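Undergrad: Structure file structure-v4.cif (mmCIF, C-alpha atoms and all ligand atoms) right here:
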data_coords
loop_
_atom_site.label_atom_id
_atom_site.label_comp_id
_atom_site.auth_asym_id
_atom_site.auth_seq_id
_atom_site.Cartn_x
_atom_site.Cartn_y
_atom_site.Cartn_z
CA MET A 268 9.70 32.53 -11.62
CA LYS A 269 10.80 29.16 -13.00
CA LYS A 270 10.33 26.42 -10.43
CA SER A 271 13.18 24.14 -9.40
CA LYS A 272 13.58 20.64 -10.77
CA ILE A 273 13.57 18.22 -7.89
CA LEU A 274 14.93 14.74 -7.22
CA VAL A 275 13.30 12.65 -4.49
CA THR A 276 15.32 9.53 -3.61
CA GLY A 277 13.43 6.74 -1.89
CA ALA A 278 10.40 7.84 -3.94
CA GLY A 279 9.09 4.28 -3.98
CA GLY A 280 8.94 4.28 -0.18
CA PHE A 281 6.42 5.54 2.34
CA ILE A 282 7.46 9.16 2.97
CA GLY A 283 9.05 9.56 -0.49
CA SER A 284 5.87 8.64 -2.38
CA HIS A 285 3.81 11.11 -0.32
CA LEU A 286 6.48 13.79 -0.80
CA VAL A 287 6.43 13.35 -4.59
CA THR A 288 2.65 13.94 -4.61
CA PHE A 289 3.04 16.98 -2.33
CA LEU A 290 5.73 18.54 -4.55
CA LYS A 291 3.75 17.84 -7.73
CA ASN A 292 0.75 19.60 -6.16
CA LYS A 293 3.03 22.61 -5.56
CA GLY A 294 3.86 22.66 -9.27
CA TYR A 295 7.41 21.31 -9.29
CA TRP A 296 8.92 18.98 -11.89
CA VAL A 297 9.86 15.86 -9.94
CA ARG A 298 12.11 12.89 -10.64
CA GLY A 299 11.68 9.91 -8.33
CA VAL A 300 14.41 7.30 -7.83
CA ASP A 301 14.21 4.03 -5.92
CA LEU A 302 14.95 0.33 -6.14
CA LYS A 303 11.21 -0.17 -6.65
CA TYR A 304 8.00 1.63 -7.63
CA PRO A 305 5.62 2.59 -4.82
CA GLU A 306 3.92 -0.52 -3.52
CA PHE A 307 0.48 0.88 -2.77
CA SER A 308 -0.10 3.58 -5.41
CA THR A 309 1.15 4.78 -8.76
CA THR A 310 3.80 7.48 -8.63
CA ASP A 311 2.97 11.11 -9.40
CA ALA A 312 6.57 11.80 -10.45
CA ASP A 313 7.23 13.23 -13.94
CA GLU A 314 10.01 10.70 -14.32
CA PHE A 315 10.81 7.62 -12.24
CA GLN A 316 14.14 5.82 -12.43
CA ILE A 317 14.77 2.41 -10.95
CA LEU A 318 18.34 2.72 -9.67
CA ASP A 319 20.48 1.28 -6.89
CA LEU A 320 21.89 4.34 -5.17
CA ARG A 321 24.65 2.40 -3.47
CA ARG A 322 26.40 2.70 -6.83
CA TRP A 323 28.22 5.90 -7.69
CA GLU A 324 27.33 5.96 -11.41
CA ASN A 325 23.62 5.61 -10.55
CA CYS A 326 23.83 8.54 -8.15
CA VAL A 327 25.38 10.66 -10.92
CA ARG A 328 22.50 9.72 -13.24
CA ALA A 329 19.89 10.39 -10.55
CA THR A 330 21.18 13.88 -9.70
CA GLU A 331 21.74 15.03 -13.31
CA GLY A 332 19.85 18.18 -14.27
CA VAL A 333 18.10 18.80 -10.94
CA ASP A 334 18.33 21.86 -8.69
CA GLU A 335 17.29 20.27 -5.42
CA VAL A 336 17.48 16.84 -3.82
CA TYR A 337 15.32 15.38 -1.07
CA ALA A 338 17.40 12.37 0.05
CA LEU A 339 15.11 9.76 1.56
CA ALA A 340 16.51 6.50 0.24
CA ALA A 341 17.57 4.18 3.04
CA ASP A 342 17.63 0.54 3.98
CA MET A 343 15.37 0.78 7.01
CA GLY A 344 12.41 -0.51 8.97
CA GLY A 345 10.95 -0.69 12.47
CA MET A 346 12.77 -1.87 15.62
CA GLY A 347 12.52 -5.52 14.58
CA PHE A 348 14.52 -4.78 11.44
CA ILE A 349 16.89 -2.13 12.80
CA SER A 350 17.97 -4.19 15.81
CA ALA A 351 18.77 -7.26 13.68
CA HIS A 352 20.61 -5.88 10.61
CA HIS A 353 23.36 -3.57 11.87
CA ALA A 354 26.06 -4.44 9.32
CA GLN A 355 23.70 -4.38 6.33
CA ILE A 356 22.19 -1.04 7.37
CA LEU A 357 25.54 0.63 8.06
CA TYR A 358 27.03 -0.60 4.78
CA ASN A 359 24.07 0.15 2.51
CA ASN A 360 23.10 3.51 3.96
CA SER A 361 26.69 4.76 4.11
CA LEU A 362 27.15 4.00 0.42
CA ILE A 363 23.81 5.58 -0.52
CA ASN A 364 24.47 8.81 1.35
CA LEU A 365 28.17 9.24 0.52
CA HIS A 366 27.52 8.72 -3.19
CA THR A 367 24.27 10.69 -3.44
CA LEU A 368 25.69 13.80 -1.78
CA GLU A 369 28.97 13.72 -3.72
CA ALA A 370 27.09 13.18 -7.00
CA ALA A 371 24.80 16.10 -6.13
CA ARG A 372 27.87 18.28 -5.61
CA THR A 373 29.47 17.27 -8.90
CA ASN A 374 26.16 17.91 -10.71
CA ASP A 375 25.95 21.37 -9.13
CA VAL A 376 22.78 20.75 -7.10
CA LYS A 377 21.89 23.86 -5.10
CA ARG A 378 19.92 22.46 -2.17
CA TYR A 379 20.00 19.09 -0.50
CA LEU A 380 17.71 17.85 2.27
CA TYR A 381 18.89 14.87 4.29
CA THR A 382 16.42 12.77 6.29
CA SER A 383 17.93 11.82 9.63
CA SER A 384 16.21 10.28 12.63
CA ALA A 385 15.51 10.55 16.34
CA CYS A 386 17.55 7.32 16.49
CA ILE A 387 20.72 9.46 16.53
CA TYR A 388 20.07 10.58 20.14
CA PRO A 389 22.21 8.98 22.88
CA GLU A 390 20.76 5.87 24.47
CA HIS A 391 21.52 7.05 28.04
CA LEU A 392 19.11 10.01 27.65
CA GLN A 393 16.26 7.62 26.81
CA LYS A 394 16.34 5.10 29.65
CA ASP A 395 13.18 6.25 31.39
CA THR A 396 9.56 6.05 30.15
CA ASN A 397 9.04 9.59 31.45
CA VAL A 398 11.91 10.86 29.31
CA THR A 399 12.84 14.53 28.98
CA PRO A 400 11.97 15.58 25.40
CA LEU A 401 15.08 15.52 23.22
CA LYS A 402 16.56 18.83 22.07
CA GLU A 403 18.68 19.01 18.95
CA GLU A 404 21.85 19.74 20.95
CA ASP A 405 21.36 16.54 23.01
CA ALA A 406 22.88 14.62 20.09
CA TYR A 407 26.40 15.10 21.52
CA PRO A 408 28.35 13.48 23.14
CA ALA A 409 27.08 10.84 20.73
CA TYR A 410 25.94 7.35 21.66
CA PRO A 411 23.08 6.15 19.43
CA GLN A 412 21.65 2.72 20.27
CA ASP A 413 21.97 1.12 16.81
CA ALA A 414 24.12 1.18 13.67
CA TYR A 415 21.15 2.84 11.94
CA GLY A 416 21.56 5.88 14.23
CA TRP A 417 25.36 5.99 13.93
CA GLU A 418 25.14 6.10 10.15
CA LYS A 419 22.50 8.85 10.30
CA LEU A 420 24.77 10.89 12.55
CA VAL A 421 27.77 10.53 10.24
CA SER A 422 25.64 11.50 7.24
CA GLU A 423 24.36 14.56 9.15
CA ARG A 424 28.00 15.57 9.60
CA LEU A 425 28.75 14.87 5.96
CA CYS A 426 26.01 17.36 5.03
CA MET A 427 27.42 19.91 7.46
CA HIS A 428 30.93 19.61 5.99
CA TYR A 429 29.71 19.69 2.36
CA ARG A 430 27.92 22.92 3.15
CA GLU A 431 30.95 24.44 4.87
CA ASP A 432 33.56 23.22 2.40
CA TYR A 433 31.67 23.25 -0.93
CA GLY A 434 28.80 25.69 -0.39
CA ILE A 435 25.96 23.28 -1.20
CA GLU A 436 22.94 24.36 0.88
CA THR A 437 22.18 21.33 3.05
CA ARG A 438 19.15 20.85 5.33
CA THR A 439 18.86 18.07 7.90
CA VAL A 440 15.63 16.84 9.45
CA ARG A 441 15.36 14.37 12.34
CA PHE A 442 12.05 12.50 12.07
CA HIS A 443 10.29 11.14 15.15
CA ASN A 444 8.11 8.12 14.16
CA ILE A 445 6.19 9.07 11.06
CA PHE A 446 3.06 7.06 10.28
CA GLY A 447 0.19 7.08 7.80
CA GLU A 448 -1.47 5.35 4.89
CA ARG A 449 0.63 3.55 2.28
CA GLY A 450 3.40 2.68 4.76
CA THR A 451 4.73 -0.86 5.12
CA TRP A 452 2.29 -2.78 7.34
CA GLU A 453 3.62 -6.36 7.20
CA GLY A 454 6.73 -8.36 6.35
CA GLY A 455 9.16 -7.35 9.12
CA ARG A 456 10.00 -3.72 8.24
CA GLU A 457 6.76 -2.21 9.56
CA LYS A 458 6.80 0.16 12.53
CA ALA A 459 4.74 0.05 15.70
CA PRO A 460 1.66 2.07 14.55
CA ALA A 461 1.26 0.03 11.35
CA ALA A 462 1.99 -3.28 13.09
CA ILE A 463 -0.58 -2.56 15.79
CA CYS A 464 -3.18 -1.41 13.22
CA ARG A 465 -2.62 -4.70 11.36
CA LYS A 466 -2.94 -6.82 14.51
CA ILE A 467 -6.13 -5.02 15.55
CA ALA A 468 -7.64 -5.25 12.06
CA PHE A 469 -6.89 -8.95 12.11
CA ALA A 470 -8.46 -9.25 15.57
CA LYS A 471 -11.59 -7.47 14.36
CA LEU A 472 -11.96 -9.50 11.18
CA SER A 473 -11.08 -12.90 12.67
CA GLY A 474 -12.67 -12.57 16.10
CA GLU A 475 -9.35 -13.62 17.73
CA THR A 476 -9.08 -10.57 19.95
CA GLN A 477 -5.75 -11.13 21.71
CA ILE A 478 -2.85 -9.16 20.20
CA ASP A 479 0.88 -9.46 20.88
CA ILE A 480 2.81 -6.41 22.11
CA TRP A 481 6.61 -6.45 22.29
CA GLY A 482 7.84 -5.96 25.86
CA ASP A 483 5.60 -4.64 28.64
CA GLY A 484 4.17 -1.98 26.31
CA GLU A 485 5.11 0.80 28.75
CA GLN A 486 7.88 2.11 26.44
CA THR A 487 6.97 5.62 25.30
CA ARG A 488 7.11 7.43 21.95
CA SER A 489 5.50 10.31 20.02
CA PHE A 490 4.01 9.81 16.55
CA CYS A 491 3.63 12.24 13.67
CA TYR A 492 1.18 11.90 10.77
CA ILE A 493 2.57 11.83 7.22
CA ASP A 494 0.85 15.02 5.95
CA ASP A 495 2.55 17.03 8.71
CA CYS A 496 5.84 15.32 7.88
CA VAL A 497 5.91 16.38 4.21
CA GLU A 498 4.71 19.89 5.08
CA GLY A 499 7.51 20.15 7.66
CA ILE A 500 10.28 18.96 5.35
CA TYR A 501 9.16 21.34 2.63
CA ARG A 502 9.18 24.28 5.03
CA LEU A 503 12.65 23.30 6.23
CA MET A 504 13.96 23.05 2.67
CA LEU A 505 12.71 26.60 1.96
CA SER A 506 14.15 27.98 5.20
CA ASP A 507 17.69 29.24 5.70
CA PHE A 508 18.28 26.95 8.70
CA HIS A 509 21.10 24.51 8.06
CA GLU A 510 21.46 22.72 11.39
CA PRO A 511 19.59 19.48 12.23
CA LEU A 512 15.97 20.02 13.24
CA ASN A 513 13.51 17.69 15.00
CA LEU A 514 10.29 16.97 13.13
CA GLY A 515 7.64 15.10 15.06
CA GLN A 516 4.81 15.46 17.53
CA ASP A 517 5.60 16.15 21.18
CA ARG A 518 2.66 14.24 22.65
CA MET A 519 4.21 11.21 24.31
CA LEU A 520 2.30 8.01 25.05
CA THR A 521 2.98 4.36 25.79
CA ILE A 522 2.67 1.59 23.21
CA ASN A 523 -0.16 0.16 25.34
CA GLU A 524 -2.00 3.49 25.08
CA LEU A 525 -1.37 3.58 21.33
CA ALA A 526 -2.98 0.13 21.02
CA ASP A 527 -5.97 1.27 23.12
CA ILE A 528 -6.56 4.29 20.85
CA ILE A 529 -6.41 2.12 17.72
CA ALA A 530 -8.77 -0.46 19.24
CA ARG A 531 -11.26 2.32 20.03
CA ILE A 532 -11.03 3.54 16.43
CA ALA A 533 -11.56 -0.02 15.17
CA GLY A 534 -14.46 -0.50 17.55
CA VAL A 535 -13.12 -3.75 19.07
CA GLU A 536 -12.27 -4.94 22.57
CA ILE A 537 -8.74 -6.38 22.59
CA SER A 538 -6.61 -8.09 25.20
CA LYS A 539 -2.83 -7.62 25.11
CA LYS A 540 -0.31 -10.40 25.43
CA HIS A 541 3.12 -8.99 26.28
CA ILE A 542 5.85 -11.02 24.65
CA ASP A 543 9.64 -10.75 24.26
CA GLY A 544 10.67 -8.53 21.37
CA PRO A 545 12.93 -5.62 20.48
CA GLN A 546 11.64 -2.43 22.08
CA GLY A 547 14.31 0.13 21.25
CA VAL A 548 14.95 2.82 23.83
CA ARG A 549 12.68 2.95 26.89
CA GLY A 550 11.30 6.41 26.26
CA ARG A 551 11.53 9.05 23.53
CA ASN A 552 9.87 12.37 22.84
CA SER A 553 10.65 15.35 20.66
CA ASN A 554 11.40 18.81 22.04
CA ASN A 555 9.76 21.06 19.44
CA ASP A 556 10.95 24.47 20.70
CA LYS A 557 13.39 24.92 17.83
CA LEU A 558 10.92 23.59 15.25
CA ARG A 559 8.36 26.20 16.31
CA GLU A 560 10.97 28.97 16.39
CA ILE A 561 12.56 28.19 13.03
CA LEU A 562 9.56 27.18 10.93
CA ASP A 563 6.93 29.23 12.79
CA TRP A 564 4.88 26.07 12.54
CA GLU A 565 4.42 22.68 14.19
CA PRO A 566 2.58 19.47 13.28
CA GLN A 567 -1.15 20.13 13.21
CA ILE A 568 -2.86 16.77 12.81
CA SER A 569 -3.95 15.01 16.00
CA LEU A 570 -2.80 11.48 16.70
CA GLU A 571 -6.42 10.28 16.67
CA ASP A 572 -7.17 11.85 13.26
CA GLY A 573 -3.99 10.42 11.74
CA LEU A 574 -4.58 6.98 13.25
CA ARG A 575 -8.20 6.92 12.04
CA LYS A 576 -7.04 7.39 8.44
CA THR A 577 -4.16 4.95 8.83
CA TYR A 578 -6.24 2.27 10.53
CA THR A 579 -9.00 2.50 7.91
CA TRP A 580 -6.44 2.01 5.14
CA ILE A 581 -4.72 -0.92 6.86
CA GLU A 582 -8.04 -2.59 7.70
CA GLY A 583 -8.87 -2.40 3.99
CA GLU A 584 -5.53 -4.03 3.11
CA VAL A 585 -6.03 -6.82 5.66
CA GLU A 586 -9.60 -7.38 4.49
CA ALA A 587 -8.48 -7.64 0.87
CA ARG A 588 -5.91 -10.22 1.93
CA PHE A 589 -8.61 -12.19 3.75
CA GLU A 590 -10.71 -12.22 0.62
CA GLN A 591 -7.82 -13.25 -1.64
CA ASN A 592 -6.86 -16.31 0.30
CA ALA A 593 -8.06 -17.68 3.59
CA ASP A 594 -4.67 -19.37 4.13
CA MET A 595 -3.02 -15.95 4.18
CA ARG A 596 -4.77 -15.23 7.48
CA LYS A 597 -2.12 -17.11 9.37
CA ALA A 598 0.75 -15.32 7.60
CA ILE A 599 -0.36 -11.85 8.63
CA THR A 600 -0.84 -12.54 12.32
CA VAL A 601 2.88 -12.73 13.07
P1 LIG B 1 10.85 3.44 3.35
O1 LIG B 1 11.60 2.19 3.65
O2 LIG B 1 9.40 3.33 3.08
O3 LIG B 1 11.54 4.21 2.12
C1 LIG B 1 12.92 4.14 1.86
C2 LIG B 1 13.07 3.81 0.39
O4 LIG B 1 14.46 3.76 0.07
C3 LIG B 1 12.48 2.42 0.02
O5 LIG B 1 11.48 2.55 -0.96
C4 LIG B 1 13.68 1.65 -0.50
O6 LIG B 1 13.39 0.79 -1.59
C5 LIG B 1 14.62 2.78 -0.93
N1 LIG B 1 16.00 2.29 -1.00
C6 LIG B 1 16.64 1.46 -0.14
N2 LIG B 1 17.86 1.16 -0.61
C7 LIG B 1 17.99 1.80 -1.79
C8 LIG B 1 19.02 1.85 -2.76
N3 LIG B 1 20.17 1.17 -2.58
N4 LIG B 1 18.84 2.60 -3.86
C9 LIG B 1 17.67 3.28 -4.07
N5 LIG B 1 16.65 3.27 -3.18
C10 LIG B 1 16.81 2.53 -2.06
O7 LIG B 1 11.15 4.43 4.58
P2 LIG B 1 10.46 5.82 4.95
O8 LIG B 1 9.72 5.62 6.22
O9 LIG B 1 9.78 6.40 3.77
O10 LIG B 1 11.76 6.68 5.29
C11 LIG B 1 12.32 7.67 4.43
C12 LIG B 1 13.55 8.27 5.10
O11 LIG B 1 13.19 8.82 6.36
C13 LIG B 1 14.66 7.27 5.37
O12 LIG B 1 15.91 7.87 5.19
C14 LIG B 1 14.47 6.93 6.83
O13 LIG B 1 15.67 6.47 7.44
C15 LIG B 1 14.02 8.27 7.38
N6 LIG B 1 13.25 8.14 8.63
C16 LIG B 1 11.99 7.65 8.63
C17 LIG B 1 11.29 7.55 9.82
C18 LIG B 1 9.87 7.03 9.88
O14 LIG B 1 9.28 7.06 10.95
N7 LIG B 1 9.30 6.56 8.79
C19 LIG B 1 11.89 7.94 11.02
C20 LIG B 1 13.19 8.42 10.98
C21 LIG B 1 13.86 8.55 9.79
#
Now that the file is in, can you turn its structure into structure tokens?
Ligand code: NAD

TA:
Amino acid sequence: MKKSKILVTGAGGFIGSHLVTFLKNKGYWVRGVDLKYPEFSTTDADEFQILDLRRWENCVRATEGVDEVYALAADMGGMGFISAHHAQILYNNSLINLHTLEAARTNDVKRYLYTSSACIYPEHLQKDTNVTPLKEEDAYPAYPQDAYGWEKLVSERLCMHYREDYGIETRTVRFHNIFGERGTWEGGREKAPAAICRKIAFAKLSGETQIDIWGDGEQTRSFCYIDDCVEGIYRLMLSDFHEPLNLGQDRMLTINELADIIARIAGVEISKKHIDGPQGVRGRNSNNDKLREILDWEPQISLEDGLRKTYTWIEGEVEARFEQNADMRKAITV
């Protein structure tokens, strides 16, 4: 049987670049689209277009001649970025998603996977560190914490209505904190696992063993390794399930515990300095009952195994930076 031609948007980003490699290994023809090429590797895509998907005509070009779209392009980052750029995020991501889905429809795309987020869940269900894991139906009545989550929720609904009204097969995944190698690790858009790996690598290489943690570090989360993430999205795309589905690990831990695990992997003793900083919701975990039921699968890779690979990669990046320029040491401690 002839395999589908696939478009991955956000293919220059963290999850998108891994997904392109995964799909190529499965034998698909893949077009990647992004504002930039992947930062930490070359792309495996058959074709890569540099396009701004906020613009309608670029979305038409991107979706031409493909059967399926994995829509990952977004203006996003960790809590530091999300909590400080509400207007920019809502504007940019709304344009990207409205135009990409409508262009996919006009180009007769058959299947469309939208990447949503655990950030859509209502803030009042996440006020306690010992939070009840979030089920898909907890999304309503809606009250996400940030503009990032509101836009994701509206785009989820856009997918639902396009499926109902126009018959395009949409799939919607809600990621819970994906981490791994080749993700942003500095510059302000990095997320907690990468930021803590960077701080601990710096501590190890510089001998300055105190690291900053935002808040009291008792906020809780679950973390899912990138290989499980791409496997999960692929399985969802192939399934006939069209409602939003959580994709993450359901092992919850505090940020302090996350730092302790990474320090053990690095083989350094660290002390934590708790400073003011955006923390997001107080607690969050994924309820994976539906994931297991629908995909007959759940993430397989342990947090420790995923962090070992991620830390090793980030330590290598930090070390290379040290070698390039001693003055850069200061810049990467922030
Ligand atoms: P990322 O920032 O690494 O990748 C997003 C990519 O989109 C970037 O390469 C960026 O350049 C591109 N992009 C931004 N604006 C664009 C535009 N106007 N036109 C074309 N491309 C544009 O993020 P990621 O972690 O790979 O996330 C992928 C998707 O998954 C996003 O939709 C994100 O919101 C969602 N998500 C990720 C996580 C996570 O933990 N990483 C959690 C929840 C949801």

Undergrad: Using all atoms listed in the file, determine which residues fall within 8 Å of ligand LIG 1 (chain B), then list them as a PyMOL selection string.

TA: chain A and resi 276-284+300-305+317-322+338-344+359-360+363+381-386+415+419+441-446+450-451+456+458

Undergrad: Please dump the current selection as a PDB file, in the coordinates of the input; keep C-alpha atoms.

TA:
ATOM      1  CA  THR A 276      15.320   9.530  -3.610  1.00  0.00           C
ATOM      2  CA  GLY A 277      13.430   6.740  -1.890  1.00  0.00           C
ATOM      3  CA  ALA A 278      10.400   7.840  -3.940  1.00  0.00           C
ATOM      4  CA  GLY A 279       9.090   4.280  -3.980  1.00  0.00           C
ATOM      5  CA  GLY A 280       8.940   4.280  -0.180  1.00  0.00           C
ATOM      6  CA  PHE A 281       6.420   5.540   2.340  1.00  0.00           C
ATOM      7  CA  ILE A 282       7.460   9.160   2.970  1.00  0.00           C
ATOM      8  CA  GLY A 283       9.050   9.560  -0.490  1.00  0.00           C
ATOM      9  CA  SER A 284       5.870   8.640  -2.380  1.00  0.00           C
ATOM     10  CA  VAL A 300      14.410   7.300  -7.830  1.00  0.00           C
ATOM     11  CA  ASP A 301      14.210   4.030  -5.920  1.00  0.00           C
ATOM     12  CA  LEU A 302      14.950   0.330  -6.140  1.00  0.00           C
ATOM     13  CA  LYS A 303      11.210  -0.170  -6.650  1.00  0.00           C
ATOM     14  CA  TYR A 304       8.000   1.630  -7.630  1.00  0.00           C
ATOM     15  CA  PRO A 305       5.620   2.590  -4.820  1.00  0.00           C
ATOM     16  CA  ILE A 317      14.770   2.410 -10.950  1.00  0.00           C
ATOM     17  CA  LEU A 318      18.340   2.720  -9.670  1.00  0.00           C
ATOM     18  CA  ASP A 319      20.480   1.280  -6.890  1.00  0.00           C
ATOM     19  CA  LEU A 320      21.890   4.340  -5.170  1.00  0.00           C
ATOM     20  CA  ARG A 321      24.650   2.400  -3.470  1.00  0.00           C
ATOM     21  CA  ARG A 322      26.400   2.700  -6.830  1.00  0.00           C
ATOM     22  CA  ALA A 338      17.400  12.370   0.050  1.00  0.00           C
ATOM     23  CA  LEU A 339      15.110   9.760   1.560  1.00  0.00           C
ATOM     24  CA  ALA A 340      16.510   6.500   0.240  1.00  0.00           C
ATOM     25  CA  ALA A 341      17.570   4.180   3.040  1.00  0.00           C
ATOM     26  CA  ASP A 342      17.630   0.540   3.980  1.00  0.00           C
ATOM     27  CA  MET A 343      15.370   0.780   7.010  1.00  0.00           C
ATOM     28  CA  GLY A 344      12.410  -0.510   8.970  1.00  0.00           C
ATOM     29  CA  ASN A 359      24.070   0.150   2.510  1.00  0.00           C
ATOM     30  CA  ASN A 360      23.100   3.510   3.960  1.00  0.00           C
ATOM     31  CA  ILE A 363      23.810   5.580  -0.520  1.00  0.00           C
ATOM     32  CA  TYR A 381      18.890  14.870   4.290  1.00  0.00           C
ATOM     33  CA  THR A 382      16.420  12.770   6.290  1.00  0.00           C
ATOM     34  CA  SER A 383      17.930  11.820   9.630  1.00  0.00           C
ATOM     35  CA  SER A 384      16.210  10.280  12.630  1.00  0.00           C
ATOM     36  CA  ALA A 385      15.510  10.550  16.340  1.00  0.00           C
ATOM     37  CA  CYS A 386      17.550   7.320  16.490  1.00  0.00           C
ATOM     38  CA  TYR A 415      21.150   2.840  11.940  1.00  0.00           C
ATOM     39  CA  LYS A 419      22.500   8.850  10.300  1.00  0.00           C
ATOM     40  CA  ARG A 441      15.360  14.370  12.340  1.00  0.00           C
ATOM     41  CA  PHE A 442      12.050  12.500  12.070  1.00  0.00           C
ATOM     42  CA  HIS A 443      10.290  11.140  15.150  1.00  0.00           C
ATOM     43  CA  ASN A 444       8.110   8.120  14.160  1.00  0.00           C
ATOM     44  CA  ILE A 445       6.190   9.070  11.060  1.00  0.00           C
ATOM     45  CA  PHE A 446       3.060   7.060  10.280  1.00  0.00           C
ATOM     46  CA  GLY A 450       3.400   2.680   4.760  1.00  0.00           C
ATOM     47  CA  THR A 451       4.730  -0.860   5.120  1.00  0.00           C
ATOM     48  CA  ARG A 456      10.000  -3.720   8.240  1.00  0.00           C
ATOM     49  CA  LYS A 458       6.800   0.160  12.530  1.00  0.00           C
TER      50      LYS A 458
END

Undergrad: Got a sec: who's within 6 Å of region 479-484 of chain A, counting only C-alpha atoms, leaving out chain neighbours fewer than 2 positions off, as a list in words?

TA: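 Answer for this query is Gln486, Ile522, Asn523, Lys539, Lys540, His541, Ile542, Asp543 and Gly544 of chain A.
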
Undergrad: For a quick check of understanding, using all atoms listed in the file, which of A:Gly474, A:Pro460, A:Pro408, A:Pro566 has the smallest distance to Ile500 (chain A)?

TA: A:Pro566

Undergrad: What's the 10 Å shell around Leu401 (chain A), counting only C-alpha atoms, without same-chain residues fewer than 4 positions away, as a VMD selection string?

TA: chain A and resid 385 388 to 389 392 to 393 405 to 406 513 517 551 to 555

Undergrad: For Trp564 (chain A), please output as a list in words all residues within 12 Å (counting all atoms listed in the file; exclusion window: fewer than 2 positions along the same chain).

TA: Asp495, Cys496, Glu498, Gly499, Ile500, Tyr501, Arg502, Leu503, Ser506, Leu514, Gly515, Gln516, Asn555, Asp556, Lys557, Leu558, Arg559, Glu560, Ile561, Leu562, Pro566 and Gln567 of chain A

Undergrad: Keeping C-alpha atoms for every residue in the selection just given, could you write it to a file as a PDB file, in the coordinates of the input?

TA:
ATOM      1  CA  ASP A 495       2.550  17.030   8.710  1.00  0.00           C
ATOM      2  CA  CYS A 496       5.840  15.320   7.880  1.00  0.00           C
ATOM      3  CA  GLU A 498       4.710  19.890   5.080  1.00  0.00           C
ATOM      4  CA  GLY A 499       7.510  20.150   7.660  1.00  0.00           C
ATOM      5  CA  ILE A 500      10.280  18.960   5.350  1.00  0.00           C
ATOM      6  CA  TYR A 501       9.160  21.340   2.630  1.00  0.00           C
ATOM      7  CA  ARG A 502       9.180  24.280   5.030  1.00  0.00           C
ATOM      8  CA  LEU A 503      12.650  23.300   6.230  1.00  0.00           C
ATOM      9  CA  SER A 506      14.150  27.980   5.200  1.00  0.00           C
ATOM     10  CA  LEU A 514      10.290  16.970  13.130  1.00  0.00           C
ATOM     11  CA  GLY A 515       7.640  15.100  15.060  1.00  0.00           C
ATOM     12  CA  GLN A 516       4.810  15.460  17.530  1.00  0.00           C
ATOM     13  CA  ASN A 555       9.760  21.060  19.440  1.00  0.00           C
ATOM     14  CA  ASP A 556      10.950  24.470  20.700  1.00  0.00           C
ATOM     15  CA  LYS A 557      13.390  24.920  17.830  1.00  0.00           C
ATOM     16  CA  LEU A 558      10.920  23.590  15.250  1.00  0.00           C
ATOM     17  CA  ARG A 559       8.360  26.200  16.310  1.00  0.00           C
ATOM     18  CA  GLU A 560      10.970  28.970  16.390  1.00  0.00           C
ATOM     19  CA  ILE A 561      12.560  28.190  13.030  1.00  0.00           C
ATOM     20  CA  LEU A 562       9.560  27.180  10.930  1.00  0.00           C
ATOM     21  CA  PRO A 566       2.580  19.470  13.280  1.00  0.00           C
ATOM     22  CA  GLN A 567      -1.150  20.130  13.210  1.00  0.00           C
TER      23      GLN A 567
END

Undergrad: So the first atom is CA of Lys291 (chain A) and the second is CA of Arg430 (chain A); what is the distance between them in Å, to one decimal place?

TA: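 Value for the CA of Lys291 (chain A)-CA of Arg430 (chain A) distance: 27.0 Å.
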
Undergrad: Considering all atoms listed in the file, can you say which of A:Tyr358, A:Phe508, A:Trp323, A:Trp296 comes closest to Arg378 (chain A)?

TA: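 For Arg378 (chain A), the nearest of the candidates is A:Phe508.
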
Undergrad: Show which residues sit within 9 Å of Lys576 (chain A), as a PyMOL selection string. Count only C-alpha atoms, and ignore same-chain residues fewer than 4 positions away.

TA: chain A and resi 447-448+571-572+580-581

Undergrad: List every protein, DNA or RNA residue that has at least one atom no more than 12 Å from (-13.0, 1.3, 17.7) in the file's coordinates, counting only C-alpha atoms, and write the result as a VMD selection string.

TA: chain A and resid 464 467 to 468 470 to 471 526 to 537 571 574 to 575 578 to 579 582

Undergrad: Which of these residues is nearest to Lys377 (chain A), using all atoms listed in the file: A:Glu584, A:Glu404, A:Asp507, A:Glu335?

TA: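 Among A:Glu584, A:Glu404, A:Asp507, A:Glu335, it is A:Glu335 that comes nearest to Lys377 (chain A).
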
Undergrad: Find the axis-aligned box for region 343-354 of chain A, covering all its listed atoms and adding 3 Å on each side, and write its centre and edge lengths in Å to one decimal as JSON.

TA:
{"center_x": 18.5, "center_y": -3.2, "center_z": 11.4, "size_x": 21.1, "size_y": 14.0, "size_z": 14.8}

Undergrad: Taking only C-alpha atoms into account, name the residue in A:Tyr337, A:Phe348, A:Tyr410, A:Phe289 that is nearest to Leu380 (chain A).

TA: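 Going through A:Tyr337, A:Phe348, A:Tyr410, A:Phe289 one by one, the smallest distance to Leu380 (chain A) is for A:Tyr337.
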
Undergrad: Report the distance between CA of Glu436 (chain A) and CA of Tyr379 (chain A) in Å, rounded to one decimal place.

TA: 6.2 Å

Undergrad: Between CA of Gly345 (chain A) and CA of Leu286 (chain A), what is the distance, to one decimal in Å?

TA: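 Separating CA of Gly345 (chain A) from CA of Leu286 (chain A) is a distance of 20.1 Å.
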
Undergrad: For Ile493 (chain A), which residue among A:Leu570, A:Leu357, A:Val585, A:Ala409 is the nearest when counting all atoms listed in the file?

TA: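 Nearest to Ile493 (chain A): A:Leu570.
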